[in-house]
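Asks: Just one file: final_6.cif, with mmCIF, C-alpha atoms and all ligand atoms.
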```
data_input
#
loop_
_atom_site.label_atom_id
_atom_site.label_comp_id
_atom_site.auth_asym_id
_atom_site.auth_seq_id
_atom_site.Cartn_x
_atom_site.Cartn_y
_atom_site.Cartn_z
CA MET A 1 -26.22 -19.69 7.80
CA ARG A 2 -25.71 -16.01 6.86
CA VAL A 3 -22.05 -15.05 7.21
CA LEU A 4 -20.67 -11.51 7.29
CA VAL A 5 -16.90 -11.17 6.64
CA ILE A 6 -15.18 -7.99 7.82
CA GLY A 7 -12.17 -6.77 5.82
CA SER A 8 -11.04 -5.91 2.33
CA GLY A 9 -7.93 -7.93 1.51
CA ALA A 10 -7.01 -11.02 -0.49
CA ARG A 11 -7.29 -12.99 2.76
CA GLU A 12 -10.97 -11.99 3.08
CA HIS A 13 -11.53 -12.72 -0.63
CA ALA A 14 -10.11 -16.24 -0.09
CA LEU A 15 -12.20 -16.72 3.08
CA LEU A 16 -15.32 -15.77 1.10
CA LEU A 17 -14.49 -18.22 -1.69
CA ALA A 18 -13.97 -21.06 0.81
CA LEU A 19 -17.16 -20.12 2.69
CA SER A 20 -19.10 -20.08 -0.60
CA LYS A 21 -18.30 -23.81 -0.98
CA ASP A 22 -19.87 -24.69 2.40
CA PRO A 23 -23.39 -26.01 1.75
CA LYS A 24 -24.56 -24.66 5.13
CA VAL A 25 -23.68 -21.08 4.11
CA SER A 26 -26.82 -19.64 2.52
CA LYS A 27 -25.76 -16.01 2.17
CA LEU A 28 -22.40 -14.21 2.13
CA LEU A 29 -21.90 -10.56 2.98
CA VAL A 30 -18.70 -8.54 3.18
CA ALA A 31 -17.83 -5.15 4.61
CA PRO A 32 -16.24 -3.20 3.11
CA GLY A 33 -14.83 -5.74 0.56
CA ASN A 34 -13.01 -4.85 -2.64
CA ALA A 35 -13.45 -5.02 -6.41
CA GLY A 36 -13.03 -8.82 -6.38
CA THR A 37 -15.26 -9.78 -3.47
CA ALA A 38 -18.36 -8.23 -5.08
CA LYS A 39 -18.79 -11.38 -7.20
CA LEU A 40 -19.09 -13.60 -4.11
CA ALA A 41 -20.80 -11.51 -1.48
CA GLU A 42 -23.17 -8.60 -0.97
CA GLN A 43 -20.96 -5.60 -0.20
CA HIS A 44 -21.64 -3.08 2.55
CA PRO A 45 -19.63 -0.02 3.54
CA VAL A 46 -18.61 0.02 7.20
CA ASP A 47 -16.05 1.57 9.52
CA VAL A 48 -14.24 -1.65 10.44
CA ALA A 49 -12.71 0.01 13.51
CA SER A 50 -16.12 0.78 15.05
CA GLY A 51 -17.72 -1.94 17.17
CA ALA A 52 -21.02 -0.04 17.12
CA ALA A 53 -21.03 0.29 13.31
CA VAL A 54 -20.10 -3.37 12.69
CA THR A 55 -22.73 -4.55 15.21
CA GLU A 56 -25.42 -2.39 13.63
CA LEU A 57 -24.56 -3.80 10.20
CA ALA A 58 -24.49 -7.40 11.49
CA ARG A 59 -27.98 -6.87 12.96
CA LYS A 60 -29.29 -5.20 9.81
CA VAL A 61 -28.12 -8.05 7.55
CA GLU A 62 -29.20 -10.68 10.13
CA ALA A 63 -25.77 -12.31 10.24
CA ASP A 64 -25.61 -15.67 12.03
CA LEU A 65 -21.82 -15.46 12.11
CA VAL A 66 -19.39 -12.56 11.76
CA VAL A 67 -15.82 -13.39 10.70
CA ILE A 68 -13.31 -10.62 11.41
CA GLY A 69 -10.32 -10.77 9.06
CA PRO A 70 -7.83 -8.01 10.01
CA GLU A 71 -6.08 -7.36 13.33
CA VAL A 72 -7.03 -3.69 13.75
CA PRO A 73 -10.75 -4.24 14.53
CA LEU A 74 -9.83 -7.16 16.80
CA VAL A 75 -7.34 -5.11 18.81
CA LEU A 76 -9.96 -2.33 19.05
CA GLY A 77 -12.59 -4.67 20.51
CA VAL A 78 -15.00 -5.10 17.61
CA ALA A 79 -15.46 -8.79 18.50
CA ASP A 80 -16.37 -7.79 22.07
CA ALA A 81 -19.10 -5.43 20.80
CA LEU A 82 -20.56 -8.16 18.58
CA ARG A 83 -20.53 -10.77 21.35
CA GLU A 84 -22.16 -8.34 23.79
CA ALA A 85 -24.95 -8.01 21.21
CA GLY A 86 -25.32 -11.82 21.18
CA ILE A 87 -23.88 -12.30 17.67
CA ALA A 88 -21.64 -15.35 17.06
CA THR A 89 -18.21 -13.98 16.14
CA PHE A 90 -15.02 -15.55 14.81
CA GLY A 91 -12.16 -13.51 16.26
CA PRO A 92 -10.69 -12.84 19.70
CA SER A 93 -11.65 -10.22 22.27
CA ALA A 94 -9.50 -7.09 22.57
CA ALA A 95 -7.92 -8.57 25.69
CA ALA A 96 -6.90 -11.74 23.81
CA ALA A 97 -5.88 -9.83 20.64
CA ARG A 98 -3.05 -8.27 22.70
CA ILE A 99 -1.12 -11.41 21.76
CA GLU A 100 -0.57 -9.53 18.46
CA GLY A 101 -1.28 -5.92 19.46
CA SER A 102 1.33 -5.77 22.22
CA LYS A 103 4.57 -7.61 21.73
CA ALA A 104 5.38 -7.01 25.41
CA PHE A 105 2.16 -8.83 26.41
CA ALA A 106 2.98 -11.72 24.05
CA LYS A 107 6.48 -12.03 25.54
CA ASP A 108 5.07 -12.13 29.06
CA VAL A 109 2.53 -14.85 28.16
CA MET A 110 5.30 -16.91 26.54
CA ALA A 111 7.65 -16.48 29.51
CA VAL A 112 5.01 -17.75 31.93
CA ALA A 113 3.89 -20.54 29.57
CA GLY A 114 7.50 -21.69 29.13
CA VAL A 115 7.51 -21.14 25.37
CA ARG A 116 10.82 -20.55 23.60
CA THR A 117 11.14 -17.17 21.93
CA ALA A 118 13.79 -14.55 21.19
CA HIS A 119 15.34 -12.66 24.10
CA SER A 120 13.99 -9.10 23.92
CA GLU A 121 14.06 -5.65 25.45
CA ILE A 122 11.61 -2.76 25.15
CA VAL A 123 13.21 0.62 24.52
CA ASP A 124 10.95 3.57 25.26
CA SER A 125 13.29 6.54 24.99
CA PRO A 126 16.06 7.62 22.59
CA ALA A 127 18.41 8.06 25.57
CA LYS A 128 18.36 4.30 26.22
CA LEU A 129 18.76 3.24 22.59
CA ASP A 130 22.54 3.02 22.11
CA ALA A 131 23.23 1.01 25.24
CA ALA A 132 20.39 -1.35 24.34
CA LEU A 133 21.69 -1.81 20.76
CA ASP A 134 25.08 -2.75 22.21
CA ARG A 135 23.47 -5.65 24.05
CA PHE A 136 22.27 -7.12 20.70
CA GLY A 137 23.92 -7.91 17.35
CA PRO A 138 25.59 -9.00 15.13
CA ASN A 139 22.04 -9.39 13.71
CA TRP A 140 19.65 -6.71 14.96
CA VAL A 141 15.90 -7.29 14.95
CA VAL A 142 14.01 -4.03 15.53
CA LYS A 143 10.21 -4.10 15.84
CA ASP A 144 7.44 -1.62 16.46
CA ASP A 145 5.79 -2.72 19.73
CA GLY A 146 2.33 -2.06 18.24
CA LEU A 147 0.64 -3.04 14.98
CA ALA A 148 2.64 -2.25 11.84
CA ALA A 149 1.34 -4.62 9.12
CA GLY A 150 4.68 -6.44 8.93
CA LYS A 151 6.48 -3.32 7.82
CA GLY A 152 7.56 -2.24 11.31
CA VAL A 153 10.22 -4.96 11.39
CA VAL A 154 13.80 -4.45 10.33
CA VAL A 155 16.29 -7.33 10.44
CA THR A 156 19.82 -6.17 9.66
CA THR A 157 23.52 -6.73 10.30
CA ASP A 158 24.09 -2.97 9.97
CA ARG A 159 23.93 -1.28 13.38
CA LEU A 160 23.29 2.11 11.77
CA VAL A 161 20.26 0.82 9.86
CA ALA A 162 18.94 -0.73 13.11
CA ARG A 163 19.55 2.52 14.99
CA ASP A 164 17.85 4.71 12.34
CA HIS A 165 14.74 2.50 12.28
CA ALA A 166 14.49 2.43 16.08
CA ALA A 167 15.04 6.19 16.33
CA GLU A 168 12.34 6.83 13.72
CA LEU A 169 9.83 4.67 15.62
CA LEU A 170 10.68 6.38 18.93
CA GLU A 171 10.31 9.82 17.31
CA THR A 172 6.74 8.93 16.32
CA GLY A 173 5.98 7.87 19.90
CA HIS A 174 6.18 4.09 19.36
CA PRO A 175 8.08 1.97 21.89
CA VAL A 176 10.63 -0.27 20.17
CA LEU A 177 11.26 -3.96 20.75
CA LEU A 178 14.83 -5.18 20.22
CA GLU A 179 15.14 -8.93 19.80
CA SER A 180 17.88 -11.47 19.46
CA PHE A 181 17.94 -13.04 16.00
CA LEU A 182 16.33 -16.48 15.68
CA ASP A 183 18.06 -18.69 13.18
CA GLY A 184 16.33 -21.41 11.14
CA PRO A 185 13.63 -21.69 8.50
CA GLU A 186 10.36 -19.95 9.30
CA VAL A 187 6.98 -21.63 9.63
CA SER A 188 3.51 -20.13 9.92
CA LEU A 189 1.21 -22.49 11.81
CA PHE A 190 -2.40 -21.32 11.98
CA CYS A 191 -4.59 -22.91 14.64
CA LEU A 192 -8.28 -22.67 15.32
CA VAL A 193 -8.39 -22.02 19.05
CA ASP A 194 -11.37 -22.03 21.37
CA GLY A 195 -10.15 -21.66 24.94
CA GLU A 196 -7.84 -24.62 25.51
CA THR A 197 -8.89 -26.53 22.37
CA VAL A 198 -6.40 -26.22 19.50
CA MET A 199 -6.89 -27.47 15.93
CA PRO A 200 -3.92 -26.82 13.61
CA LEU A 201 -4.31 -26.11 9.90
CA LEU A 202 -1.63 -26.97 7.32
CA PRO A 203 1.78 -25.38 8.00
CA ALA A 204 2.87 -22.74 5.47
CA GLN A 205 5.85 -20.52 4.81
CA ASP A 206 5.65 -16.80 4.04
CA HIS A 207 8.24 -14.79 2.08
CA LYS A 208 8.47 -11.46 3.85
CA ARG A 209 11.23 -9.63 1.98
CA VAL A 210 10.29 -7.78 -1.18
CA GLY A 211 12.95 -9.26 -3.48
CA ASP A 212 14.00 -12.65 -4.80
CA GLY A 213 16.51 -14.46 -2.60
CA ASP A 214 15.08 -12.73 0.52
CA THR A 215 16.53 -9.34 -0.38
CA GLY A 216 15.23 -5.82 0.25
CA PRO A 217 12.93 -4.50 2.95
CA ASN A 218 10.24 -6.42 4.80
CA THR A 219 6.68 -6.35 3.48
CA GLY A 220 3.31 -7.64 4.62
CA GLY A 221 4.22 -10.87 2.73
CA MET A 222 5.06 -11.45 -0.96
CA GLY A 223 4.04 -15.09 -1.30
CA ALA A 224 3.59 -18.40 0.49
CA TYR A 225 3.34 -22.13 -0.09
CA THR A 226 1.83 -25.08 1.71
CA PRO A 227 2.41 -27.80 2.88
CA LEU A 228 6.13 -27.71 3.76
CA PRO A 229 7.92 -30.76 2.29
CA TRP A 230 10.89 -30.24 4.66
CA LEU A 231 8.85 -30.09 7.90
CA PRO A 232 8.06 -33.45 9.54
CA GLN A 233 4.59 -33.90 11.05
CA ALA A 234 6.34 -34.56 14.40
CA VAL A 235 7.55 -30.93 14.44
CA VAL A 236 4.02 -29.66 13.71
CA ASP A 237 2.80 -31.79 16.64
CA GLN A 238 5.61 -30.38 18.79
CA ILE A 239 4.57 -26.80 17.90
CA VAL A 240 1.01 -27.59 18.94
CA THR A 241 1.90 -29.23 22.25
CA GLU A 242 4.92 -27.10 23.24
CA VAL A 243 3.85 -23.70 21.90
CA VAL A 244 0.20 -23.19 20.99
CA GLU A 245 -1.49 -25.28 23.69
CA PRO A 246 0.56 -23.79 26.58
CA VAL A 247 -0.13 -20.24 25.30
CA ALA A 248 -3.86 -20.97 24.91
CA ALA A 249 -3.95 -22.41 28.45
CA GLU A 250 -2.08 -19.41 29.88
CA MET A 251 -4.56 -17.05 28.25
CA VAL A 252 -7.46 -18.96 29.80
CA LYS A 253 -5.68 -18.69 33.17
CA ARG A 254 -5.30 -14.92 32.74
CA GLY A 255 -9.02 -14.52 32.12
CA CYS A 256 -8.57 -13.61 28.44
CA PRO A 257 -9.26 -16.91 26.62
CA PHE A 258 -8.43 -16.86 22.92
CA SER A 259 -11.25 -17.59 20.49
CA GLY A 260 -10.48 -17.46 16.77
CA LEU A 261 -7.35 -18.04 14.71
CA LEU A 262 -4.05 -18.02 16.57
CA TYR A 263 -1.16 -17.60 14.16
CA ALA A 264 2.18 -18.84 15.42
CA GLY A 265 5.14 -17.56 13.43
CA LEU A 266 8.18 -19.66 14.31
CA ALA A 267 11.81 -20.24 13.44
CA ILE A 268 12.84 -23.89 13.54
CA GLY A 269 16.37 -23.77 14.96
CA VAL A 270 18.77 -26.45 16.17
CA ASP A 271 17.06 -26.41 19.60
CA GLY A 272 13.58 -26.80 18.07
CA PRO A 273 10.78 -24.32 17.33
CA ALA A 274 10.99 -20.80 18.78
CA VAL A 275 8.32 -18.13 18.40
CA VAL A 276 9.06 -15.11 16.21
CA GLU A 277 5.56 -13.63 16.66
CA PHE A 278 1.95 -14.42 17.34
CA ASN A 279 -0.89 -12.92 15.33
CA CYS A 280 -4.54 -12.94 16.33
CA ARG A 281 -6.03 -13.63 12.87
CA PHE A 282 -5.53 -15.52 9.61
CA GLY A 283 -2.22 -14.56 7.96
CA ASP A 284 -1.91 -13.04 4.54
CA PRO A 285 -0.75 -14.42 2.02
CA GLU A 286 -0.57 -17.91 3.65
CA THR A 287 -4.38 -18.16 4.03
CA GLN A 288 -4.93 -17.94 0.29
CA ALA A 289 -2.75 -21.04 -0.29
CA ILE A 290 -3.97 -22.98 2.78
CA LEU A 291 -7.67 -22.55 1.93
CA GLU A 292 -6.99 -23.76 -1.61
CA LEU A 293 -6.28 -27.20 -0.10
CA LEU A 294 -9.10 -27.19 2.48
CA ASP A 295 -11.47 -30.11 1.97
CA SER A 296 -13.89 -29.48 4.87
CA PRO A 297 -16.69 -26.92 5.23
CA LEU A 298 -15.09 -23.69 6.44
CA GLY A 299 -18.30 -22.09 7.76
CA GLU A 300 -18.88 -25.03 10.08
CA ALA A 301 -15.31 -24.85 11.47
CA LEU A 302 -15.46 -21.10 12.06
CA LYS A 303 -18.92 -21.35 13.65
CA ALA A 304 -17.75 -24.16 15.95
CA THR A 305 -14.80 -22.00 17.06
CA ALA A 306 -17.02 -18.96 17.56
CA THR A 307 -19.58 -20.86 19.62
CA GLY A 308 -17.14 -22.75 21.85
CA THR A 309 -17.77 -26.19 20.33
CA LEU A 310 -14.47 -26.74 18.53
CA ALA A 311 -13.72 -29.80 20.70
CA SER A 312 -16.60 -31.67 19.08
CA LEU A 313 -15.68 -30.74 15.47
CA ALA A 314 -14.12 -33.52 13.37
CA PRO A 315 -10.53 -32.62 12.37
CA VAL A 316 -10.46 -30.60 9.15
CA GLN A 317 -9.52 -32.52 6.00
CA TRP A 318 -7.06 -31.49 3.29
CA LYS A 319 -6.73 -32.21 -0.41
CA ASP A 320 -3.49 -33.86 -1.55
CA GLY A 321 -0.95 -31.75 -3.40
CA ALA A 322 0.43 -28.27 -2.87
CA ALA A 323 -0.64 -24.66 -3.24
CA VAL A 324 1.35 -21.49 -3.83
CA THR A 325 0.37 -17.81 -3.46
CA VAL A 326 2.29 -15.16 -5.38
CA VAL A 327 1.55 -11.52 -4.53
CA LEU A 328 1.42 -8.91 -7.28
CA ALA A 329 2.52 -5.62 -5.74
CA ALA A 330 2.23 -2.07 -7.03
CA GLU A 331 5.23 -0.05 -8.17
CA ASN A 332 7.30 1.21 -5.22
CA TYR A 333 5.69 -1.15 -2.63
CA PRO A 334 6.58 -1.51 0.30
CA GLY A 335 7.15 2.23 -0.01
CA ARG A 336 4.26 4.52 -0.94
CA PRO A 337 2.63 2.53 -3.78
CA ARG A 338 1.59 3.88 -7.15
CA THR A 339 -2.23 3.56 -7.41
CA GLY A 340 -5.06 4.22 -9.85
CA ASP A 341 -3.75 2.09 -12.74
CA ALA A 342 -6.03 -0.22 -14.72
CA ILE A 343 -5.49 -3.94 -14.10
CA THR A 344 -6.20 -6.37 -16.92
CA GLY A 345 -6.25 -10.16 -17.14
CA ALA A 346 -7.17 -10.61 -13.47
CA GLY A 347 -10.57 -12.26 -13.96
CA GLY A 348 -9.45 -15.90 -13.75
CA LEU A 349 -9.77 -18.54 -11.06
CA GLY A 350 -7.30 -18.28 -8.20
CA VAL A 351 -6.94 -14.49 -8.42
CA PHE A 352 -7.75 -12.81 -5.12
CA HIS A 353 -8.10 -9.05 -4.84
CA ALA A 354 -6.48 -6.92 -2.14
CA GLY A 355 -5.57 -3.34 -3.10
CA THR A 356 -8.15 -2.95 -5.86
CA ALA A 357 -11.12 -0.66 -6.49
CA SER A 358 -13.72 -0.25 -9.22
CA HIS A 359 -13.45 2.97 -11.20
CA GLU A 360 -15.68 3.80 -14.19
CA GLY A 361 -16.35 0.12 -14.79
CA LYS A 362 -12.67 -0.85 -14.61
CA VAL A 363 -10.66 -2.56 -11.87
CA VAL A 364 -7.82 -0.28 -10.77
CA SER A 365 -4.99 -0.60 -8.27
CA ALA A 366 -5.67 0.98 -4.90
CA GLY A 367 -2.99 -0.34 -2.53
CA GLY A 368 0.47 -1.86 -2.15
CA ARG A 369 -0.30 -5.55 -2.37
CA VAL A 370 -2.77 -5.53 -5.24
CA LEU A 371 -3.59 -9.18 -6.01
CA SER A 372 -2.77 -12.64 -4.68
CA VAL A 373 -2.53 -15.31 -7.33
CA VAL A 374 -2.93 -18.90 -6.14
CA GLY A 375 -1.82 -21.95 -8.05
CA SER A 376 -2.22 -25.59 -7.07
CA GLY A 377 -1.07 -28.96 -8.32
CA ALA A 378 0.02 -32.45 -7.43
CA ASP A 379 3.25 -31.14 -5.92
CA LEU A 380 5.10 -27.89 -5.23
CA ALA A 381 6.61 -27.74 -8.74
CA ALA A 382 3.16 -28.05 -10.34
CA ALA A 383 1.63 -25.51 -7.94
CA ARG A 384 4.41 -23.00 -8.69
CA ALA A 385 4.00 -23.50 -12.43
CA ASP A 386 0.25 -22.94 -12.11
CA ALA A 387 0.62 -19.76 -10.02
CA TYR A 388 3.29 -18.24 -12.27
CA SER A 389 1.42 -19.01 -15.49
CA LYS A 390 -1.61 -17.18 -14.03
CA ILE A 391 0.35 -14.14 -12.83
CA GLU A 392 2.19 -13.77 -16.15
CA SER A 393 -1.11 -13.03 -17.89
CA ILE A 394 -2.01 -10.14 -15.57
CA ARG A 395 -1.05 -6.61 -16.58
CA LEU A 396 -0.53 -3.74 -14.14
CA PRO A 397 1.93 -0.97 -15.09
CA GLY A 398 5.00 -0.87 -12.82
CA SER A 399 3.93 -3.91 -10.79
CA HIS A 400 6.35 -6.51 -9.43
CA PHE A 401 6.32 -9.96 -7.87
CA ARG A 402 8.84 -12.43 -6.51
CA THR A 403 9.77 -15.23 -8.88
CA ASP A 404 11.09 -17.59 -6.18
CA ILE A 405 8.11 -18.40 -3.99
CA GLY A 406 8.62 -21.97 -2.72
CA LEU A 407 11.76 -22.36 -4.84
CA ALA A 408 14.23 -23.01 -2.00
CA ALA A 409 11.98 -25.81 -0.71
CA LEU A 410 11.57 -27.24 -4.20
CA GLU A 411 15.34 -27.30 -4.72
CA GLY A 412 15.91 -28.96 -1.35
CA ARG A 413 17.73 -25.91 0.06
CA ILE A 414 15.74 -25.93 3.31
CA SER A 415 16.63 -28.51 5.90
CA LEU A 416 16.33 -28.87 9.66
N1 LIG B 501 2.02 -13.42 6.75
C1 LIG B 501 2.24 -12.28 7.55
C2 LIG B 501 1.07 -11.79 8.26
O1 LIG B 501 -0.04 -12.16 7.97
O2 LIG B 501 1.23 -10.97 9.15
#
```
Could you quickly redo this structure as structure tokens?

Replies:
Amino acid sequence: MRVLVIGSGAREHALLLALSKDPKVSKLLVAPGNAGTAKLAEQHPVDVASGAAVTELARKVEADLVVIGPEVPLVLGVADALREAGIATFGPSAAAARIEGSKAFAKDVMAVAGVRTAHSEIVDSPAKLDAALDRFGPNWVVKDDGLAAGKGVVVTTDRLVARDHAAELLETGHPVLLESFLDGPEVSLFCLVDGETVMPLLPAQDHKRVGDGDTGPNTGGMGAYTPLPWLPQAVVDQIVTEVVEPVAAEMVKRGCPFSGLLYAGLAIGVDGPAVVEFNCRFGDPETQAILELLDSPLGEALKATATGTLASLAPVQWKDGAAVTVVLAAENYPGRPRTGDAITGAGGLGVFHAGTASHEGKVVSAGGRVLSVVGSGADLAAARADAYSKIESIRLPGSHFRTDIGLAALEGRISL
């Protein structure tokens, strides 16, 4: 099987590594890729937002399966263009990708499916903002209604900070979603979904704030660990039956069945799981840790999802132990990152490239989240030690990373 992966992040690098271990995968291609993916796959330039360009490339390279990593091409209908051309594609249609692309759509699906989520209001004009803010608090959650790579979210107890963020979004023409604050530890549960068939992967936890102890602004994700020692399997089962399956069924009912990876981001509160957000693709940086523990052929699972045969796939198997991703970010991230610096010591196993480029034979930084470093071990302590010993040997001027990925779980500070 010839597999073409679309995207250029650490998530796509990790998908390529896992696909390279599947004996049925004979050839790997990536478009556009990054400085790290070149070792695993033939690289091709492409405009990932163009269905016509991706379809032409998939035909040219004779791909048997196209795996779309990021949300932007999915929301823009790249999977639809590929399917219309008869090419097996892992990733939802534009209509189904609205579960991530439009928070208002996701809220409506959840309301009809009876899925618990935060109370919310859309604000579409500055004139309505103050009255709406008064209906929320003392914790304000302010989101961009469209795609914002995690950085469109502000969670704050300061009304002024909430107001400024909302006003800024409205000024740039983006409707704003105000939400009630959901209390409880967060879980990312990724599920392969093919219509009404749902197959969960291992639960993981992201660390979205930039600083240790969950301080500073939100980012695309600074690190993750899996599995979650504090989360009973019964709660995972409950998320599948009370959240993911009803949403998948509602999408089938609406004529926009979901096919691909449905990412449920949840807070586990005293009343049980409640949805913080849905995403229409593998999450980053959780994927890098989850795939480290995968013990089944990934190509086969993605192909089964893409071709509507997930129901007949044997449940995916996992290695024992734990895995941890730590993200190395460029100076000033999540603000405008410093780029163009040489990176050294990043050639080892478990180092996945994101914001990197090749320049005059050297690997240089080219984005905010530069590398994901994955460690694994018999337990969370060993996996953390492995990840941090790897990241300590990497040099990038001005870079930073969180030192507490998985630490609260390890120290027993997370409980339900
Ligand atoms: N882990 C956050 C995201 O993928 O959006």

Asks: Show me which residues sit within 6 Å of ligand LIG 501 (chain B) when counting only C-alpha atoms and all ligand atoms, and put them as an mmCIF file with C-alpha atoms, in the frame of the given file.

Replies:
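That gives us pocket_22.cif:
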```
data_model
loop_
_atom_site.group_PDB
_atom_site.id
_atom_site.type_symbol
_atom_site.label_atom_id
_atom_site.label_comp_id
_atom_site.auth_asym_id
_atom_site.auth_seq_id
_atom_site.Cartn_x
_atom_site.Cartn_y
_atom_site.Cartn_z
ATOM 1 C CA GLY A 150 4.680 -6.440 8.930
ATOM 2 C CA ASP A 206 5.650 -16.800 4.040
ATOM 3 C CA GLY A 220 3.310 -7.640 4.620
ATOM 4 C CA GLY A 221 4.220 -10.870 2.730
ATOM 5 C CA GLY A 283 -2.220 -14.560 7.960
ATOM 6 C CA ASP A 284 -1.910 -13.040 4.540
ATOM 7 C CA PRO A 285 -0.750 -14.420 2.020
#
```

Asks: Nearest to A:Asn218 among A:Gly335, A:Asp194, A:Pro45, A:Gly137, with distances taken over only C-alpha atoms: which residue is it?

Replies: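 Closest to A:Asn218 of all the choices is A:Gly335.
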
Asks: As an exercise, work out the distance from atom CA of A:Ala52 to atom CA of A:Ala97 in Å and give it to one decimal place.

Replies: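 Distance between the two atoms: 18.4 Å.
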
Asks: Considering all atoms listed in the file, give me a table of residues in stretch 233-324 of chain A that are at most 7 Å from stretch 12-22 of chain A, with the closest atom pair and distance in Å for each, as a tab-separated table.

Replies:
```
residue	atom	partner	partner_atom	distance
A:Gln288	CA	A:Ala14	CA	5.5
A:Leu291	CA	A:Ala18	CA	6.6
A:Pro297	CA	A:Asp22	CA	4.8
A:Leu298	CA	A:Leu19	CA	5.6
A:Gly299	CA	A:Leu19	CA	5.6
```

Asks: Could you work out how far atom CA of A:Val3 lies from atom CA of A:Val67, giving the answer in Å with one decimal?

Replies: 7.3 Å

Asks: With only C-alpha atoms as the atoms that count, which of A:Val351, A:Ala306, A:Ile122, A:Ala224 lies nearest to A:Leu407?

Replies: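 Using only C-alpha atoms, A:Leu407 sits closest to A:Ala224.
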
Asks: Return the single residue from A:Ser365, A:Ser415, A:Ser125, A:Gln43 that is closest to A:Arg395, with distances computed using all atoms listed in the file.

Replies: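 Among A:Ser365, A:Ser415, A:Ser125, A:Gln43, it is A:Ser365 that comes nearest to A:Arg395.
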
Asks: Check the smallest atom-to-atom distance from each of A:Gly260, A:Pro217, A:Gly211, A:Gly412 to A:Leu74 using all atoms listed in the file, then report the winner.

Replies: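 Comparing A:Gly260, A:Pro217, A:Gly211, A:Gly412 against A:Leu74, the winner is A:Gly260.
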